[in-house]
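Engineer: Sending over data_20.csv (CSV, C-alpha atoms).
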chain,number,residue,atom,x,y,z
C,1,MET,CA,-64.9,24.3,-23.1
C,2,PRO,CA,-68.7,24.6,-22.4
C,3,ILE,CA,-70.3,21.2,-21.5
C,4,GLN,CA,-72.6,20.3,-24.4
C,5,THR,CA,-76.2,19.5,-23.3
C,6,SER,CA,-79.6,19.8,-24.8
C,7,ALA,CA,-82.2,22.1,-23.5
C,8,PRO,CA,-85.3,20.3,-21.9
C,9,SER,CA,-88.7,20.6,-23.4
C,10,SER,CA,-91.4,22.2,-21.3
C,11,SER,CA,-94.2,20.6,-23.3
C,12,ARG,CA,-94.3,17.3,-21.4
C,13,ARG,CA,-97.1,17.4,-18.8
C,14,GLY,CA,-95.7,17.6,-15.2
C,15,PHE,CA,-92.2,18.6,-16.3
C,16,ALA,CA,-90.2,20.3,-13.6
C,17,PHE,CA,-87.2,22.3,-14.9
C,18,GLU,CA,-85.1,21.4,-11.8
C,19,GLU,CA,-85.2,17.7,-12.7
C,20,GLY,CA,-83.9,18.3,-16.2
C,21,VAL,CA,-80.3,17.4,-17.0
C,22,ALA,CA,-77.6,20.1,-17.3
C,23,ALA,CA,-74.6,17.8,-17.9
C,24,THR,CA,-74.1,14.1,-18.4
C,25,HIS,CA,-71.5,11.5,-17.5
C,26,LEU,CA,-69.3,13.7,-15.3
C,27,SER,CA,-66.7,12.0,-13.1
C,28,ALA,CA,-66.7,12.5,-9.3
C,29,ALA,CA,-63.5,14.5,-9.7
C,30,ALA,CA,-65.1,16.8,-12.3
C,31,ILE,CA,-68.1,17.4,-10.1
C,32,LEU,CA,-65.9,18.4,-7.2
C,33,GLU,CA,-63.9,20.7,-9.4
C,34,ASP,CA,-66.7,22.3,-11.4
C,35,PHE,CA,-69.2,22.7,-8.5
C,36,ALA,CA,-69.0,24.3,-5.1
C,37,CYS,CA,-69.7,21.1,-3.4
C,38,ARG,CA,-68.2,21.9,0.0
C,39,GLU,CA,-69.9,25.3,0.1
C,40,LEU,CA,-73.3,23.7,-0.7
C,41,GLY,CA,-72.7,20.9,1.7
C,42,ALA,CA,-72.0,23.4,4.5
C,43,LEU,CA,-75.3,25.0,3.9
C,44,LEU,CA,-77.3,21.8,3.8
C,45,TYR,CA,-75.6,19.3,6.1
C,46,GLU,CA,-74.2,19.2,9.6
C,47,GLY,CA,-70.5,18.6,10.2
C,48,GLU,CA,-67.9,18.3,7.5
C,49,PRO,CA,-68.7,15.3,5.4
C,50,SER,CA,-65.9,13.9,3.1
C,51,ASP,CA,-66.1,14.5,-0.6
C,52,GLU,CA,-67.3,10.9,-1.2
C,53,THR,CA,-70.0,11.4,1.5
C,54,LEU,CA,-71.1,14.7,-0.1
C,55,LEU,CA,-71.6,13.0,-3.5
C,56,THR,CA,-73.7,10.3,-1.7
C,57,TYR,CA,-75.8,13.0,0.0
C,58,PHE,CA,-76.3,14.8,-3.3
C,59,ALA,CA,-77.3,11.6,-5.0
C,60,ASN,CA,-79.8,10.8,-2.2
C,61,GLU,CA,-81.3,14.3,-2.6
C,62,GLY,CA,-81.7,13.6,-6.3
C,63,LEU,CA,-79.4,16.5,-7.2
C,64,ILE,CA,-77.1,14.1,-9.2
C,65,HIS,CA,-77.8,10.7,-10.6
C,66,ASP,CA,-75.5,7.7,-11.1
C,67,ASP,CA,-75.6,7.0,-14.8
C,68,LYS,CA,-74.4,3.3,-14.1
C,69,GLN,CA,-71.5,3.9,-16.6
C,70,GLY,CA,-69.0,5.2,-14.1
C,71,GLY,CA,-70.2,8.8,-14.1
C,72,PHE,CA,-73.0,11.1,-13.0
C,73,ASP,CA,-75.7,13.1,-14.6
C,74,ILE,CA,-76.1,16.6,-13.2
C,75,THR,CA,-79.6,18.0,-12.7
C,76,ASN,CA,-80.5,21.6,-13.5
C,77,LEU,CA,-81.2,22.1,-9.8
C,78,PHE,CA,-77.7,21.1,-8.7
C,79,ALA,CA,-76.1,23.2,-11.4
C,80,LEU,CA,-78.3,26.2,-10.7
C,81,SER,CA,-77.5,25.9,-6.9
C,82,ALA,CA,-73.8,25.1,-6.9
C,83,ALA,CA,-72.1,25.7,-10.3
C,84,ARG,CA,-68.9,27.6,-10.2
C,85,ASP,CA,-69.8,29.0,-13.7
C,86,LEU,CA,-73.5,29.0,-14.6
C,87,THR,CA,-72.6,30.0,-18.2
C,88,ARG,CA,-71.0,26.7,-18.9
C,89,TYR,CA,-74.4,24.9,-18.9
C,90,LYS,CA,-76.7,25.5,-21.8
C,91,THR,CA,-79.9,24.9,-19.9
C,92,ILE,CA,-79.1,27.5,-17.2
C,93,SER,CA,-76.6,29.8,-18.9
C,94,ASP,CA,-79.1,32.7,-19.0
C,95,LYS,CA,-80.3,32.4,-15.4
C,96,ALA,CA,-77.4,34.1,-13.6
C,97,PRO,CA,-78.7,37.1,-11.5
C,98,ARG,CA,-77.7,40.6,-12.7
C,99,VAL,CA,-77.3,43.6,-10.4
C,100,ILE,CA,-77.2,47.1,-11.9
C,101,ALA,CA,-76.5,50.2,-9.7
C,102,TYR,CA,-77.4,53.7,-11.1
C,103,LYS,CA,-76.2,57.1,-10.1
C,104,THR,CA,-79.7,58.7,-9.9
C,105,ASN,CA,-83.3,57.7,-9.9
C,106,THR,CA,-83.2,57.0,-13.6
C,107,LYS,CA,-81.3,54.6,-15.9
C,108,LEU,CA,-79.4,57.3,-17.6
C,109,THR,CA,-76.1,56.8,-15.7
C,110,GLY,CA,-75.0,53.4,-14.6
C,111,LEU,CA,-72.3,53.0,-11.9
C,112,GLU,CA,-72.0,49.2,-11.8
C,113,ASP,CA,-73.3,46.3,-13.9
C,114,THR,CA,-72.5,42.8,-12.6
C,115,THR,CA,-73.8,39.4,-13.7
C,116,GLY,CA,-73.0,36.6,-11.4
C,117,ARG,CA,-71.6,33.2,-12.3
C,118,LEU,CA,-71.9,31.2,-9.1
C,119,GLY,CA,-74.9,29.0,-8.4
C,120,TYR,CA,-77.8,30.5,-6.5
C,121,ALA,CA,-77.3,28.8,-3.1
C,122,VAL,CA,-73.5,29.4,-2.8
C,123,ALA,CA,-73.7,32.9,-4.2
C,124,PHE,CA,-76.8,34.2,-2.4
C,125,GLN,CA,-75.1,35.8,0.6
C,126,LYS,CA,-72.6,37.4,-1.7
C,127,ILE,CA,-75.3,38.9,-3.9
C,128,LEU,CA,-77.2,40.1,-0.9
C,129,ALA,CA,-74.1,41.8,0.5
C,130,TYR,CA,-73.5,43.4,-2.9
C,131,VAL,CA,-77.0,44.8,-3.2
C,132,MET,CA,-76.9,46.1,0.4
C,133,ARG,CA,-73.6,47.9,-0.3
C,134,ALA,CA,-74.8,49.4,-3.5
C,135,ALA,CA,-78.0,50.6,-1.8
C,136,GLY,CA,-75.9,52.5,0.8
C,137,GLY,CA,-77.0,54.0,4.1
C,138,GLN,CA,-75.8,56.5,6.7
C,139,GLU,CA,-73.8,56.7,9.9
C,140,VAL,CA,-75.9,57.4,12.9
C,141,LEU,CA,-74.9,58.3,16.5
C,142,GLN,CA,-76.6,56.1,19.1
C,143,HIS,CA,-75.7,56.2,22.8
C,144,GLY,CA,-72.4,57.8,21.9
C,145,VAL,CA,-71.5,55.1,19.4
C,146,ARG,CA,-71.4,55.6,15.6
C,147,ARG,CA,-72.9,52.8,13.6
C,148,PHE,CA,-73.9,52.3,10.0
C,149,GLU,CA,-77.6,52.1,9.3
C,150,PRO,CA,-78.5,50.6,5.9
C,151,ALA,CA,-81.0,52.5,3.7
C,152,TYR,CA,-83.2,49.4,3.6
C,153,PRO,CA,-83.9,46.6,6.1
C,154,GLU,CA,-81.8,43.6,5.1
C,155,LYS,CA,-84.6,41.2,6.0
C,156,ALA,CA,-86.8,42.7,3.3
C,157,VAL,CA,-84.1,42.9,0.7
C,158,ARG,CA,-83.2,39.3,1.4
C,159,GLU,CA,-86.8,38.1,0.9
C,160,PHE,CA,-87.4,40.0,-2.3
C,161,LEU,CA,-84.1,38.9,-3.7
C,162,ALA,CA,-84.8,35.2,-2.8
C,163,ASN,CA,-88.3,35.5,-4.4
C,164,ALA,CA,-86.9,36.9,-7.6
C,165,MET,CA,-84.6,33.9,-7.8
C,166,ILE,CA,-86.9,31.2,-6.6
C,167,HIS,CA,-90.2,32.1,-8.2
C,168,GLN,CA,-89.0,33.0,-11.7
C,169,ASP,CA,-90.2,31.1,-14.7
C,170,LEU,CA,-87.1,29.0,-15.4
C,171,VAL,CA,-88.4,27.7,-18.7
C,172,ALA,CA,-88.8,31.2,-20.1
C,173,SER,CA,-85.9,32.1,-22.4
C,174,GLY,CA,-84.1,35.5,-22.4
C,175,GLY,CA,-84.9,36.4,-18.8
C,176,ARG,CA,-82.9,36.3,-15.6
C,177,PRO,CA,-83.4,37.7,-12.0
C,178,LEU,CA,-82.5,41.4,-12.2
C,179,VAL,CA,-81.9,43.8,-9.3
C,180,GLU,CA,-81.7,47.5,-10.1
C,181,VAL,CA,-80.4,49.9,-7.4
C,182,PHE,CA,-81.4,53.5,-7.9
C,183,SER,CA,-80.8,56.5,-5.7
C,184,ASP,CA,-84.4,56.3,-4.4
C,185,LYS,CA,-85.4,52.7,-4.8
C,186,ILE,CA,-84.5,49.1,-5.5
C,187,GLN,CA,-86.4,47.1,-8.1
C,188,PHE,CA,-86.4,43.3,-8.3
C,189,THR,CA,-87.5,41.7,-11.5
C,190,ASN,CA,-87.9,38.1,-12.5
C,191,PRO,CA,-89.4,36.4,-15.6
C,192,GLY,CA,-92.9,35.0,-15.0
C,193,GLU,CA,-96.1,36.3,-13.6
C,194,PRO,CA,-97.0,35.4,-9.9
C,195,LEU,CA,-99.1,32.4,-9.3
C,196,VAL,CA,-101.4,34.2,-6.8
C,197,ASP,CA,-103.2,37.6,-7.0
C,198,ILE,CA,-100.9,40.6,-6.5
C,199,GLU,CA,-103.2,41.8,-3.8
C,200,ARG,CA,-103.0,38.5,-2.0
C,201,LEU,CA,-99.3,38.1,-2.0
C,202,ILE,CA,-99.1,38.9,1.7
C,203,ASP,CA,-101.6,36.4,3.1
C,204,ALA,CA,-102.0,33.7,0.4
C,205,PRO,CA,-100.3,30.3,0.9
C,206,ALA,CA,-97.0,30.3,-0.9
C,207,ARG,CA,-96.9,28.7,-4.4
C,208,SER,CA,-93.9,28.3,-6.6
C,209,ARG,CA,-93.2,27.0,-10.1
C,210,ASN,CA,-89.9,25.7,-8.7
C,211,GLU,CA,-90.8,23.7,-5.6
C,212,ARG,CA,-87.5,21.9,-5.4
C,213,LEU,CA,-85.4,25.0,-5.8
C,214,ALA,CA,-87.6,26.7,-3.1
C,215,GLY,CA,-87.1,23.7,-0.8
C,216,LEU,CA,-83.4,23.7,-1.2
C,217,MET,CA,-83.1,27.4,-0.5
C,218,ARG,CA,-85.2,27.0,2.6
C,219,LYS,CA,-83.1,24.0,3.8
C,220,ALA,CA,-80.0,26.1,3.3
C,221,ARG,CA,-81.7,28.8,5.5
C,222,LEU,CA,-81.4,31.4,2.7
C,223,CYS,CA,-85.1,32.4,2.8
C,224,GLU,CA,-88.0,32.3,5.2
C,225,GLU,CA,-90.3,29.4,5.8
C,226,ARG,CA,-93.1,28.8,3.4
C,227,GLY,CA,-95.7,31.5,3.4
C,228,SER,CA,-94.0,33.8,6.0
C,229,GLY,CA,-91.5,35.7,3.8
C,230,ILE,CA,-93.6,38.6,2.3
C,231,ASP,CA,-95.3,39.5,5.5
C,232,ARG,CA,-92.0,39.5,7.5
C,233,ALA,CA,-90.4,41.7,4.8
C,234,LEU,CA,-93.3,44.1,5.0
C,235,TRP,CA,-93.2,44.2,8.8
C,236,SER,CA,-89.5,45.1,8.6
C,237,ILE,CA,-90.3,47.9,6.1
C,238,GLU,CA,-93.1,49.3,8.4
C,239,GLU,CA,-90.7,49.2,11.4
C,240,ALA,CA,-88.2,51.2,9.4
C,241,LYS,CA,-90.9,53.6,8.4
C,242,LEU,CA,-90.2,53.2,4.7
C,243,ALA,CA,-92.8,53.9,2.0
C,244,PRO,CA,-94.9,50.8,1.0
C,245,PRO,CA,-93.3,48.6,-1.6
C,246,SER,CA,-95.2,48.0,-4.9
C,247,PHE,CA,-95.9,44.7,-6.6
C,248,ALA,CA,-96.6,44.8,-10.3
C,249,VAL,CA,-96.8,42.5,-13.4
C,250,VAL,CA,-94.9,44.1,-16.3
C,251,GLU,CA,-94.8,42.3,-19.7
C,252,GLY,CA,-95.0,38.9,-18.2
C,253,SER,CA,-92.5,39.6,-15.4
C,254,MET,CA,-92.9,40.2,-11.7
C,255,VAL,CA,-91.6,43.6,-10.5
C,256,VAL,CA,-91.2,44.4,-6.8
C,257,THR,CA,-90.1,48.0,-5.9
C,258,MET,CA,-88.8,49.1,-2.5
C,259,PHE,CA,-88.7,52.8,-1.8
C,260,LYS,CA,-86.2,54.7,0.3
C,261,GLY,CA,-87.6,56.8,3.1
C,262,THR,CA,-91.2,57.8,4.0
C,263,ASN,CA,-92.5,61.3,3.2
C,264,PHE,CA,-96.2,61.4,3.6
C,265,ALA,CA,-96.6,64.7,1.9
C,266,ALA,CA,-94.7,63.4,-1.1
C,267,MET,CA,-96.7,60.2,-1.4
C,268,SER,CA,-99.2,59.9,-4.1
C,269,LYS,CA,-102.8,58.9,-3.4
C,270,GLU,CA,-102.0,55.4,-4.8
C,271,ASP,CA,-99.0,55.1,-2.4
C,272,ARG,CA,-101.1,56.0,0.6
C,273,ILE,CA,-103.8,53.5,-0.3
C,274,ARG,CA,-101.2,50.8,-0.8
C,275,ALA,CA,-99.7,51.5,2.6
C,276,CYS,CA,-103.1,51.4,4.2
C,277,TYR,CA,-104.1,48.1,2.6
C,278,GLN,CA,-100.7,46.4,3.4
C,279,HIS,CA,-100.9,47.7,7.0
C,280,ALA,CA,-104.5,46.4,7.4
C,281,THR,CA,-103.5,43.0,6.0
C,282,LEU,CA,-100.5,42.6,8.3
C,283,HIS,CA,-102.6,43.6,11.3
C,284,HIS,CA,-105.4,41.2,10.3
C,285,LEU,CA,-102.8,38.3,10.1
C,286,LYS,CA,-101.9,38.9,13.8
C,287,ASN,CA,-105.5,39.3,14.8
C,288,ALA,CA,-105.3,43.0,15.6
C,289,PRO,CA,-107.4,45.0,13.3
C,290,MET,CA,-106.0,48.3,11.9
C,291,SER,CA,-107.0,51.6,13.5
C,292,ASN,CA,-106.4,55.2,12.7
C,293,SER,CA,-103.8,55.3,15.4
C,294,SER,CA,-101.8,52.2,14.1
C,295,LEU,CA,-101.8,53.6,10.6
C,296,ARG,CA,-100.7,57.0,11.9
C,297,ASP,CA,-97.7,55.4,13.6
C,298,ARG,CA,-96.9,53.3,10.5
C,299,LEU,CA,-96.9,56.5,8.3
C,300,GLY,CA,-94.8,58.4,10.9
C,301,LEU,CA,-97.5,60.9,11.6
C,302,ASN,CA,-98.6,62.6,14.9
C,303,LYS,CA,-102.0,62.8,16.7
C,304,ASN,CA,-102.8,66.1,15.1
C,305,GLN,CA,-102.7,64.4,11.7
C,306,TYR,CA,-105.7,62.2,12.5
C,307,PRO,CA,-107.8,63.8,9.7
C,308,GLN,CA,-105.3,63.1,7.0
C,309,VAL,CA,-105.2,59.4,8.0
C,310,SER,CA,-109.0,59.3,8.1
C,311,ASN,CA,-108.9,60.5,4.5
C,312,VAL,CA,-106.5,57.7,3.6
C,313,ILE,CA,-108.7,55.1,5.2
C,314,SER,CA,-111.8,56.5,3.4
C,315,ASP,CA,-109.9,56.4,0.0
C,316,THR,CA,-108.8,52.8,0.7
C,317,ILE,CA,-112.4,51.8,1.5
C,318,ALA,CA,-113.6,53.5,-1.7
C,319,ALA,CA,-110.9,51.5,-3.6
C,320,GLY,CA,-112.5,48.3,-2.3
C,321,LEU,CA,-109.4,47.2,-0.5
C,322,ILE,CA,-110.5,47.4,3.2
C,323,ARG,CA,-113.8,47.5,5.1
C,324,PRO,CA,-114.9,48.5,8.6
C,325,LEU,CA,-114.7,45.6,11.1
C,326,ASP,CA,-118.2,46.6,12.3
C,327,VAL,CA,-120.6,48.6,10.2
C,328,ASP,CA,-122.0,50.2,13.4
C,329,GLN,CA,-118.7,51.1,15.0
C,330,GLY,CA,-118.1,54.6,16.2
C,331,ASN,CA,-115.2,56.7,14.9
C,332,ARG,CA,-113.2,56.6,18.1
C,333,LEU,CA,-113.1,52.8,18.2
C,334,ALA,CA,-113.2,52.2,14.5
C,335,ARG,CA,-111.2,49.2,13.3
C,336,TYR,CA,-110.6,48.0,9.7
C,337,VAL,CA,-109.8,44.7,8.0
C,338,PRO,CA,-108.9,43.7,4.4
C,339,TYR,CA,-111.8,43.4,2.0
C,340,TRP,CA,-111.4,39.6,1.9
C,341,ALA,CA,-111.3,39.1,5.6
Go ahead and express the file in the form of structure tokens.
Structural biologist:
Amino acid sequence: MPIQTSAPSSSRRGFAFEEGVAATHLSAAAILEDFACRELGALLYEGEPSDETLLTYFANEGLIHDDKQGGFDITNLFALSAARDLTRYKTISDKAPRVIAYKTNTKLTGLEDTTGRLGYAVAFQKILAYVMRAAGGQEVLQHGVRRFEPAYPEKAVREFLANAMIHQDLVASGGRPLVEVFSDKIQFTNPGEPLVDIERLIDAPARSRNERLAGLMRKARLCEERGSGIDRALWSIEEAKLAPPSFAVVEGSMVVTMFKGTNFAAMSKEDRIRACYQHATLHHLKNAPMSNSSLRDRLGLNKNQYPQVSNVISDTIAAGLIRPLDVDQGNRLARYVPYWA
């Protein structure tokens, strides 16, 4: 039977959802049975601690609390991270990630629709593998050896998946992390608007509504260090010569879209401007201002396509997203930085 708990109130100033209680007065045996304790322990701690030691570690981390009556209270964070069945706990029953794979580039024909049950930390690698498999790829011949090349860089998929889980608004009802795999793109959606400007997601210091969940996922080595994830994801996308991902706020939710392949001719003006701005930002962060040459390489173009890239740069300047590094610079040595640099 479902464990009966009451949902926490978000009205109290300073309330952190992770600290709320998902279940009360559970015995040690019940915790070991209902939660993937050993799996979570393997992610967080060295060696192979005993069951008793694990519970002590979890208590020291504030994941569970001794209720002084012979049992333990379970925090939302512990349940969200390690529950064997998220739906058993009222406070988090609607937070399980959902992955939908479609046959084409629309939602008309679905191939698979799966909603997870395991807690985030212990299920993360399984969800990532599922998404990568659904996204597909192709076999390539390299140095006489056939190998499978995924359609998207795993590093980027990992980061956007982790962000959808970690940065969601956990207090919002009726929403959950959602991954939709289409024939031409992957969309990651999570409830809650980002806490920083969309245009500054690459360079701004990381902020999260759920600091303890973010900290646990980092400690478990399931996502990048603070503030480095988005730019690492974008570098991997540029290296794979994929079209630039888009970041949008839609009806109170954050939506990140990764696109399969790069076809400059098929890109819209908006796509090209977004690629230019992201490229300029990444280069600024490594103290190497963007040039026509670097943007050509990023877009998979050749030297003869210099004029097309110049047009993209001009459009991005007109959009107010980049500026010349030096107002008096010549065309041959022209370098560009983000507008905020």
Engineer: I need the residue nearest C:Pro153 from this list: C:Ala135, C:Ala275, C:Ala121, C:Ala334. Use all atoms listed in the file for the distance.
Structural biologist: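 Checking each candidate against C:Pro153, we get C:Ala135 as the closest.
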Engineer: What's the 12 Å shell around stretch 50-53 of chain C, counting only C-alpha atoms, without same-chain residues fewer than 6 positions away, as a ChimeraX atom specification?
Structural biologist: /C:27-33,35-42,59-60
Engineer: Here is a test: counting all atoms listed in the file, which residue of C:Leu234, C:Ala206, C:Val171, C:Leu178 is nearest to C:Gly116?
Structural biologist: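 Of C:Leu234, C:Ala206, C:Val171, C:Leu178, the one nearest C:Gly116, counting all atoms listed in the file, is C:Leu178.
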Engineer: I need the residue nearest C:Asp326 from this list: C:Gly300, C:Gly215, C:Pro307, C:Pro289. Use only C-alpha atoms for the distance.
Structural biologist: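 Going through C:Gly300, C:Gly215, C:Pro307, C:Pro289 one by one, the smallest distance to C:Asp326 is for C:Pro289.
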Engineer: Counting only C-alpha atoms, which residue out of C:Ser81, C:Ser253, C:Gln187, C:Asn311 sits closest to C:Tyr102?
Structural biologist: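 Nearest candidate to C:Tyr102 out of C:Ser81, C:Ser253, C:Gln187, C:Asn311: C:Gln187.
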Engineer: Using atom CA of C:Tyr336 and atom CA of C:Thr281 as the two end points, give the distance in Å to one decimal.
Structural biologist: 9.4 Å
Engineer: Show which residues sit within 7 Å of stretch 86-100 of chain C, as a PyMOL selection string. Count all atoms listed in the file, and ignore same-chain residues fewer than 4 positions away.
Structural biologist: chain C and resi 2-3+5+7+22+80+112-119+174-181
Engineer: Could you give me, as a tab-separated table (two decimals) with C-alpha atoms, keeping the file's coordinate frame, the residues within 9 Å of C:Gly137, counting all atoms listed in the file and dropping anything in the same chain fewer than 4 positions from it?
Structural biologist:
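File written: part.tsv
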chain	number	residue	atom	x	y	z
C	132	MET	CA	-76.90	46.10	0.40
C	133	ARG	CA	-73.60	47.90	-0.30
C	148	PHE	CA	-73.90	52.30	10.00
C	149	GLU	CA	-77.60	52.10	9.30
C	150	PRO	CA	-78.50	50.60	5.90
C	151	ALA	CA	-81.00	52.50	3.70
C	152	TYR	CA	-83.20	49.40	3.60
Engineer: Of the candidates C:Glu224, C:Ser291, C:Asn163, C:Val250, which one gets nearest to C:Arg209 if we count all atoms listed in the file?
Structural biologist: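 Selected residue with least distance to C:Arg209: C:Asn163.
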Engineer: With a distance cut-off of 12 Å and all atoms listed in the file, select the neighbouring residues of C:Gln278, excluding the residue or stretch itself and same-chain residues fewer than 6 positions from it, and output the selection as a PyMOL selection string.
Structural biologist: chain C and resi 198-203+230-235+237-238+243-247+271-272+284-285+290+295+298-299+313+316+321-322+336-339
Engineer: For the point (-87.6, 57.2, 5.6) in the file's frame, write as a count of residues only all residues with an atom no more than 9 Å away, counting all atoms listed in the file.
Structural biologist: 10
Engineer: Using all atoms listed in the file, which of the listed residues (C:Gln142, C:Gln168, C:Thr189, C:Ser208) sits closest to C:Val255?
Structural biologist: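 The closest residue to C:Val255 is C:Thr189.
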Engineer: What is the atom CA of C:Ala123 to atom CA of C:Glu154 distance in Å?
Structural biologist: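 These atoms are spaced 16.3 Å apart.
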Engineer: To one decimal in Å, tell me the separation between atom CA of C:Val21 and atom CA of C:Asn76.
Structural biologist: 5.5 Å
Engineer: Output as an mmCIF file, in the frame of the given file: stretch 157-170 of chain C, completed with N, CA and C atoms.
Structural biologist:
data_model
loop_
_atom_site.group_PDB
_atom_site.id
_atom_site.type_symbol
_atom_site.label_atom_id
_atom_site.label_comp_id
_atom_site.auth_asym_id
_atom_site.auth_seq_id
_atom_site.Cartn_x
_atom_site.Cartn_y
_atom_site.Cartn_z
ATOM 1 N N VAL C 157 -84.850 43.068 1.894
ATOM 2 C CA VAL C 157 -84.100 42.900 0.700
ATOM 3 C C VAL C 157 -83.783 41.404 0.451
ATOM 4 N N ARG C 158 -83.457 40.695 1.516
ATOM 5 C CA ARG C 158 -83.200 39.300 1.400
ATOM 6 C C ARG C 158 -84.420 38.522 0.852
ATOM 7 N N GLU C 159 -85.593 38.834 1.366
ATOM 8 C CA GLU C 159 -86.800 38.100 0.900
ATOM 9 C C GLU C 159 -87.120 38.422 -0.527
ATOM 10 N N PHE C 160 -87.053 39.682 -0.930
ATOM 11 C CA PHE C 160 -87.400 40.000 -2.300
ATOM 12 C C PHE C 160 -86.365 39.481 -3.294
ATOM 13 N N LEU C 161 -85.104 39.454 -2.872
ATOM 14 C CA LEU C 161 -84.100 38.900 -3.700
ATOM 15 C C LEU C 161 -84.297 37.367 -3.868
ATOM 16 N N ALA C 162 -84.577 36.690 -2.761
ATOM 17 C CA ALA C 162 -84.800 35.200 -2.800
ATOM 18 C C ALA C 162 -86.045 34.940 -3.674
ATOM 19 N N ASN C 163 -87.113 35.746 -3.547
ATOM 20 C CA ASN C 163 -88.300 35.500 -4.400
ATOM 21 C C ASN C 163 -88.026 35.662 -5.838
ATOM 22 N N ALA C 164 -87.223 36.659 -6.205
ATOM 23 C CA ALA C 164 -86.900 36.900 -7.600
ATOM 24 C C ALA C 164 -86.164 35.667 -8.192
ATOM 25 N N MET C 165 -85.326 35.034 -7.385
ATOM 26 C CA MET C 165 -84.600 33.900 -7.800
ATOM 27 C C MET C 165 -85.403 32.601 -7.830
ATOM 28 N N ILE C 166 -86.189 32.419 -6.785
ATOM 29 C CA ILE C 166 -86.900 31.200 -6.600
ATOM 30 C C ILE C 166 -88.164 31.072 -7.443
ATOM 31 N N HIS C 167 -88.896 32.179 -7.581
ATOM 32 C CA HIS C 167 -90.200 32.100 -8.200
ATOM 33 C C HIS C 167 -90.199 32.520 -9.688
ATOM 34 N N GLN C 168 -89.024 32.670 -10.266
ATOM 35 C CA GLN C 168 -89.000 33.000 -11.700
ATOM 36 C C GLN C 168 -89.455 31.827 -12.546
ATOM 37 N N ASP C 169 -89.823 32.136 -13.776
ATOM 38 C CA ASP C 169 -90.200 31.100 -14.700
ATOM 39 C C ASP C 169 -88.880 30.612 -15.383
ATOM 40 N N LEU C 170 -88.383 29.473 -14.912
ATOM 41 C CA LEU C 170 -87.100 29.000 -15.400
ATOM 42 C C LEU C 170 -87.128 28.471 -16.816
#
